[in-house]
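Read through the structure below, which is laid out as structure tokens, and then see the notes.
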Amino acid sequence: MRMVIKASFLFDSRKGTFVADPVVLIENDQIIDLQYGEVDLDRADQVIDLMGYTLLPGLIDAHDHLSLSPQLENHPALMNDPDPLLMIRAIENMKIDLKKGITTSRCLGDKNFIDIYIRDAVEQGIVEGPRIITCTRGIKATHAHGSVGTVFNGKEEIRRAARENLLRGAQFLKLFITDTIRTGEFMPYYMTREEVRVVVEEAAQVGKKVAAHSIGGEGLTICIEEGVEVIEHAYFASDQQIEAMKENNHWVVLTPSIFFNDRRWSTVPASVAAGFRRNREEVLERHQAILRSGIKFAVGTDATHGQLDEDIIFLVNIGGDPVTVLQGVTINAAKVCDFEDQIGSVEIGKKADLVALKGKLHEDINLIKNIEWVMKNGEIKVENNIAYF
């Protein structure tokens, strides 16, 4: 069946512009034509009128954890629950995300290949959710940060873990290098240069990226020097490190909600939340430095499910260019995922992943909170805020 979608505006994520009167022709799960203005609609079996709406590519959460559920009390500790319970939570979290326009989720680690099983179930139509791009098990040392990580120690054990992840279907590899908050001048790191290098080597042999949870300090410098392509968080990256990442063509994935969304820490002990609040001023300044630098970045929720819109608005409010921030959840996030040929923009030949919101987004970024219509793979998933799943 051929379907035509008419809207008032389209965010062209490739060019970074808003274009009036788009007409998108879809067949099955693909965009087969894109025109503007008055168009002959005879080729369509169904016409969807979204006049008065802004159309965007399906949003991409560039840093997610499927089974991590910050809406639940003491959520980090819940990652020790049995796998079936983690999987049930993940399925519910994916529904929350899809309803808010997230059609692709880049997963930065779940336990025991849960994310692989869920990815395959989504692709087979068994469960509803965003398309999953995943590293599967995040690799961490015994004494390191990361409630969603899996412990491996030493070069050969880490090499084996990387190979096992790739065998099971990992689309990139993930390391936990540092803590998340700063507790003093020195920022600990939990893998040696040689251990980081092993994972970079294994990924390079099969053409995959490596991502690292790294907030700053010597651990971040090692990641930069050893060729880790994607730095997650970078909360305390120095000016010199930001410049080095820019010069070496690294990506940064910004995840502001963990520090700036109070709802995120209402479910953990007050002492834990206080640590994040103490760091806020410095993290805010570092976010602004990254936005000013012109470095390539994408945006993720770090599992604040369904609230990617809050991160978009926050980054714009602290000085981010609205267009560049929107590219961070569309075309640039697709590049981080190595899926630029299929998602991230509304172009002929790409997947029919689209979202729509009422009004002129180019005049008010806050309208991103009002996504009412969601299509994934050519199927309408949400209409008038009503989910069909």
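Every chain in the structure tokens takes a letter, A first, then B, and so on in the order presented; its residues are numbered from 1, and the ligands are numbered from 1 following the presented order.
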Checklist entry - Which neighbours of Ile116 in chain A fall inside 10 Å, counting only C-alpha atoms, when residues of the same chain fewer than 2 positions from it are skipped, and could you give them as a PyMOL selection string? => result chain A and resi 107+110-114+118-122+132-137+165+168-170
How about saving the chosen residues, N, CA, C and O atoms kept, as a PDB file, in the first residue's frame?
ATOM      1  N   CYS A 107      21.292   1.294  22.690  1.00  0.00           N
ATOM      2  CA  CYS A 107      21.387   0.728  24.032  1.00  0.00           C
ATOM      3  C   CYS A 107      22.849   0.570  24.437  1.00  0.00           C
ATOM      4  O   CYS A 107      23.637  -0.066  23.741  1.00  0.00           O
ATOM      5  N   ASP A 110      22.959  -3.819  28.736  1.00  0.00           N
ATOM      6  CA  ASP A 110      22.001  -4.536  29.564  1.00  0.00           C
ATOM      7  C   ASP A 110      22.634  -5.876  29.938  1.00  0.00           C
ATOM      8  O   ASP A 110      23.662  -6.268  29.378  1.00  0.00           O
ATOM      9  N   LYS A 111      22.028  -6.562  30.877  1.00  0.00           N
ATOM     10  CA  LYS A 111      22.617  -7.787  31.417  1.00  0.00           C
ATOM     11  C   LYS A 111      22.307  -9.006  30.540  1.00  0.00           C
ATOM     12  O   LYS A 111      21.212  -9.126  29.988  1.00  0.00           O
ATOM     13  N   ASN A 112      23.289  -9.889  30.444  1.00  0.00           N
ATOM     14  CA  ASN A 112      23.070 -11.254  29.932  1.00  0.00           C
ATOM     15  C   ASN A 112      22.350 -11.307  28.591  1.00  0.00           C
ATOM     16  O   ASN A 112      21.510 -12.181  28.353  1.00  0.00           O
ATOM     17  N   PHE A 113      22.686 -10.373  27.713  1.00  0.00           N
ATOM     18  CA  PHE A 113      22.167 -10.353  26.341  1.00  0.00           C
ATOM     19  C   PHE A 113      20.662 -10.111  26.261  1.00  0.00           C
ATOM     20  O   PHE A 113      20.035 -10.413  25.238  1.00  0.00           O
ATOM     21  N   ILE A 114      20.078  -9.540  27.317  1.00  0.00           N
ATOM     22  CA  ILE A 114      18.653  -9.209  27.297  1.00  0.00           C
ATOM     23  C   ILE A 114      18.323  -8.325  26.098  1.00  0.00           C
ATOM     24  O   ILE A 114      17.300  -8.511  25.423  1.00  0.00           O
ATOM     25  N   ILE A 118      15.573  -8.811  23.022  1.00  0.00           N
ATOM     26  CA  ILE A 118      14.516  -7.821  22.785  1.00  0.00           C
ATOM     27  C   ILE A 118      14.642  -7.221  21.390  1.00  0.00           C
ATOM     28  O   ILE A 118      13.638  -7.030  20.693  1.00  0.00           O
ATOM     29  N   ARG A 119      15.864  -6.912  20.966  1.00  0.00           N
ATOM     30  CA  ARG A 119      16.064  -6.387  19.608  1.00  0.00           C
ATOM     31  C   ARG A 119      15.468  -7.325  18.576  1.00  0.00           C
ATOM     32  O   ARG A 119      14.741  -6.895  17.662  1.00  0.00           O
ATOM     33  N   ASP A 120      15.761  -8.606  18.722  1.00  0.00           N
ATOM     34  CA  ASP A 120      15.253  -9.580  17.762  1.00  0.00           C
ATOM     35  C   ASP A 120      13.732  -9.692  17.844  1.00  0.00           C
ATOM     36  O   ASP A 120      13.052  -9.846  16.814  1.00  0.00           O
ATOM     37  N   ALA A 121      13.183  -9.620  19.060  1.00  0.00           N
ATOM     38  CA  ALA A 121      11.728  -9.702  19.226  1.00  0.00           C
ATOM     39  C   ALA A 121      11.034  -8.508  18.585  1.00  0.00           C
ATOM     40  O   ALA A 121       9.960  -8.650  17.979  1.00  0.00           O
ATOM     41  N   VAL A 122      11.634  -7.319  18.684  1.00  0.00           N
ATOM     42  CA  VAL A 122      11.077  -6.133  18.025  1.00  0.00           C
ATOM     43  C   VAL A 122      11.103  -6.318  16.514  1.00  0.00           C
ATOM     44  O   VAL A 122      10.112  -6.067  15.815  1.00  0.00           O
ATOM     45  N   ILE A 132      16.318  -1.288  17.931  1.00  0.00           N
ATOM     46  CA  ILE A 132      17.379  -1.345  18.923  1.00  0.00           C
ATOM     47  C   ILE A 132      18.741  -1.457  18.241  1.00  0.00           C
ATOM     48  O   ILE A 132      18.966  -2.348  17.419  1.00  0.00           O
ATOM     49  N   ILE A 133      19.639  -0.547  18.590  1.00  0.00           N
ATOM     50  CA  ILE A 133      21.050  -0.628  18.218  1.00  0.00           C
ATOM     51  C   ILE A 133      21.805  -0.856  19.528  1.00  0.00           C
ATOM     52  O   ILE A 133      21.723  -0.032  20.432  1.00  0.00           O
ATOM     53  N   THR A 134      22.541  -1.955  19.660  1.00  0.00           N
ATOM     54  CA  THR A 134      23.049  -2.274  20.990  1.00  0.00           C
ATOM     55  C   THR A 134      24.485  -2.788  21.024  1.00  0.00           C
ATOM     56  O   THR A 134      24.971  -3.413  20.080  1.00  0.00           O
ATOM     57  N   CYS A 135      25.126  -2.515  22.175  1.00  0.00           N
ATOM     58  CA  CYS A 135      26.460  -3.055  22.462  1.00  0.00           C
ATOM     59  C   CYS A 135      26.361  -4.340  23.244  1.00  0.00           C
ATOM     60  O   CYS A 135      27.368  -4.971  23.529  1.00  0.00           O
ATOM     61  N   THR A 136      25.185  -4.723  23.643  1.00  0.00           N
ATOM     62  CA  THR A 136      24.857  -5.778  24.602  1.00  0.00           C
ATOM     63  C   THR A 136      25.635  -5.554  25.903  1.00  0.00           C
ATOM     64  O   THR A 136      25.550  -4.466  26.475  1.00  0.00           O
ATOM     65  N   ARG A 137      26.399  -6.489  26.427  1.00  0.00           N
ATOM     66  CA  ARG A 137      26.991  -6.310  27.761  1.00  0.00           C
ATOM     67  C   ARG A 137      28.034  -5.183  27.769  1.00  0.00           C
ATOM     68  O   ARG A 137      28.986  -5.199  26.998  1.00  0.00           O
ATOM     69  N   ASN A 165      30.573 -10.684  22.802  1.00  0.00           N
ATOM     70  CA  ASN A 165      29.552  -9.686  22.486  1.00  0.00           C
ATOM     71  C   ASN A 165      29.325  -9.591  20.979  1.00  0.00           C
ATOM     72  O   ASN A 165      28.180  -9.546  20.506  1.00  0.00           O
ATOM     73  N   ARG A 168      27.434 -12.547  19.610  1.00  0.00           N
ATOM     74  CA  ARG A 168      26.008 -12.536  19.930  1.00  0.00           C
ATOM     75  C   ARG A 168      25.245 -11.433  19.214  1.00  0.00           C
ATOM     76  O   ARG A 168      24.020 -11.356  19.316  1.00  0.00           O
ATOM     77  N   GLY A 169      25.942 -10.556  18.500  1.00  0.00           N
ATOM     78  CA  GLY A 169      25.250  -9.562  17.684  1.00  0.00           C
ATOM     79  C   GLY A 169      25.436  -8.126  18.102  1.00  0.00           C
ATOM     80  O   GLY A 169      24.669  -7.250  17.668  1.00  0.00           O
ATOM     81  N   ALA A 170      26.449  -7.824  18.922  1.00  0.00           N
ATOM     82  CA  ALA A 170      26.709  -6.432  19.304  1.00  0.00           C
ATOM     83  C   ALA A 170      27.041  -5.607  18.063  1.00  0.00           C
ATOM     84  O   ALA A 170      27.824  -6.033  17.212  1.00  0.00           O
TER      85      ALA A 170
END
Checklist entry - If we count only C-alpha atoms, what is near Leu361 in chain A at a cut-off of 9 Å, once residues fewer than 5 positions away on the same chain are taken out, given as a PyMOL selection string? => result chain A and resi 9+11+18+53-54+366-368
For the residues in the current selection, export N, CA, C and O atoms as an mmCIF file, in the first residue's frame.
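Result written to part.cif:
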data_model
loop_
_atom_site.group_PDB
_atom_site.id
_atom_site.type_symbol
_atom_site.label_atom_id
_atom_site.label_comp_id
_atom_site.auth_asym_id
_atom_site.auth_seq_id
_atom_site.Cartn_x
_atom_site.Cartn_y
_atom_site.Cartn_z
ATOM 1 N N PHE A 9 5.214 21.713 7.740
ATOM 2 C CA PHE A 9 6.660 21.906 7.761
ATOM 3 C C PHE A 9 7.354 20.568 7.957
ATOM 4 O O PHE A 9 6.802 19.639 8.553
ATOM 5 N N PHE A 11 11.287 19.145 9.180
ATOM 6 C CA PHE A 11 12.664 19.396 9.595
ATOM 7 C C PHE A 11 13.581 18.554 8.725
ATOM 8 O O PHE A 11 13.598 17.329 8.809
ATOM 9 N N PHE A 18 14.070 24.045 8.073
ATOM 10 C CA PHE A 18 12.650 23.688 8.095
ATOM 11 C C PHE A 18 12.066 24.098 6.747
ATOM 12 O O PHE A 18 12.212 25.251 6.327
ATOM 13 N N TYR A 53 0.950 20.824 11.202
ATOM 14 C CA TYR A 53 1.944 20.091 11.983
ATOM 15 C C TYR A 53 3.341 20.248 11.389
ATOM 16 O O TYR A 53 3.504 20.498 10.194
ATOM 17 N N THR A 54 4.333 20.072 12.257
ATOM 18 C CA THR A 54 5.727 19.944 11.826
ATOM 19 C C THR A 54 6.090 18.471 11.838
ATOM 20 O O THR A 54 5.839 17.759 12.817
ATOM 21 N N ASN A 366 9.935 24.286 22.531
ATOM 22 C CA ASN A 366 9.144 23.609 23.558
ATOM 23 C C ASN A 366 8.040 22.740 22.967
ATOM 24 O O ASN A 366 7.525 21.844 23.648
ATOM 25 N N LEU A 367 7.704 22.974 21.705
ATOM 26 C CA LEU A 367 6.679 22.155 21.064
ATOM 27 C C LEU A 367 7.122 20.714 20.879
ATOM 28 O O LEU A 367 6.291 19.839 20.614
ATOM 29 N N ILE A 368 8.412 20.445 21.039
ATOM 30 C CA ILE A 368 8.894 19.070 20.908
ATOM 31 C C ILE A 368 8.238 18.160 21.936
ATOM 32 O O ILE A 368 8.182 16.931 21.760
#
Next on the checklist: I'd like to know which of A:Ile386, A:Ser8, A:Val198, A:Leu315 is closest to Arg160 in chain A, using only C-alpha atoms.
Outcome noted: A:Val198
Next on the checklist: From a backbone DSSP assignment, name each residue in range 138-301 of chain A labelled alpha helix (DSSP H), as number ranges by chain.
Outcome noted: A: 155-168, 193-205, 217-226, 239-247, 257-260, 270-293
What lies within 8 Å of range 307-310 of chain A using only C-alpha atoms, ignoring chain neighbours under 5 positions off, as a short mmCIF file (atom, residue, chain, number, x, y, z; two decimals) with N, CA and C atoms, in the first residue's frame?
data_model
loop_
_atom_site.label_atom_id
_atom_site.label_comp_id
_atom_site.auth_asym_id
_atom_site.auth_seq_id
_atom_site.Cartn_x
_atom_site.Cartn_y
_atom_site.Cartn_z
N ASP A 61 17.14 8.02 20.49
CA ASP A 61 17.75 8.17 21.81
C ASP A 61 19.14 7.56 21.71
N ASP A 97 9.00 4.89 25.45
CA ASP A 97 9.84 5.60 24.50
C ASP A 97 9.17 5.77 23.14
N LYS A 100 6.58 8.43 22.78
CA LYS A 100 7.11 9.79 22.75
C LYS A 100 7.93 10.08 21.50
N SER A 257 20.18 14.68 31.49
CA SER A 257 19.08 14.48 32.44
C SER A 257 19.55 13.89 33.76
N GLY A 300 21.28 11.70 24.38
CA GLY A 300 20.61 10.52 24.91
C GLY A 300 20.05 10.77 26.29
N THR A 301 19.13 9.92 26.71
CA THR A 301 18.45 10.08 28.00
C THR A 301 19.15 9.35 29.15
N ILE A 368 8.41 20.45 21.04
CA ILE A 368 8.89 19.07 20.91
C ILE A 368 8.24 18.16 21.94
N LYS A 369 7.70 18.73 22.99
CA LYS A 369 7.00 17.94 24.01
C LYS A 369 5.63 17.47 23.54
#
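Of the listed residues (A:Ile60, A:Asn249, A:Gly294, A:Phe186), A:Ile60 comes nearest to Ile312 in chain A; the distances count only C-alpha atoms.
Comparing A:Ala298, A:Lys335, A:Arg43, A:Phe236 by their smallest distance to Glu281 in chain A, the closest is A:Phe236 (using only C-alpha atoms).
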Checklist entry - Could you state the separation of CA of Arg163 in chain A and CA of Gln205 in chain A in Å, given to one decimal place? => result 10.6 Å
Checklist entry - What is the CA of Met375 in chain A-CA of Ala352 in chain A distance in Å, reported with one decimal? => result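 Computing it gives 7.0 Å between the two atoms.
Closest approach to Val272 in chain A from the set A:Phe152, A:Phe259, A:Tyr189, A:Trp251 is made by A:Phe259, with distances taken over only C-alpha atoms.
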Item to check | Shell around Val374 in chain A at 8 Å using only C-alpha atoms, local window under 3 positions removed, as a ChimeraX atom specification | outcome: /A:58,98-101,353-356,371,380-383
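With only C-alpha atoms as the atoms that count, the residue of A:Ile177, A:Ala274, A:Ile31, A:Ile158 with the shortest distance to Ile343 in chain A is A:Ile31.
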Checklist entry - Which residues come within 10 Å of Gly328 in chain A, counting only C-alpha atoms, excluding same-chain residues fewer than 2 positions away, as a list in words? => result Ser13, Leu59, Ile60, Asp61, Ala62, Val253, Leu254, Lys296, Phe297, Ala298, Val299, Gly300, Ile312, Pro322, Val323, Thr324, Val325, Leu326, Thr330, Ile331, Asn332, Ala333, Ala334, Lys335, Val336 and Gly344 of chain A
Item to check | Contact residues around Val196 in chain A with only C-alpha atoms at 9 Å, ignoring same-chain residues under 3 positions, as a list of chain:residue names | outcome: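 Using only C-alpha atoms, the neighbours found are A:Lys155, A:Ile158, A:Leu175, A:Ile177, A:Met191, A:Thr192, A:Arg193, A:Val199, A:Val200, A:Glu201, A:Ile222, A:Cys223, A:Glu226, A:Val228.
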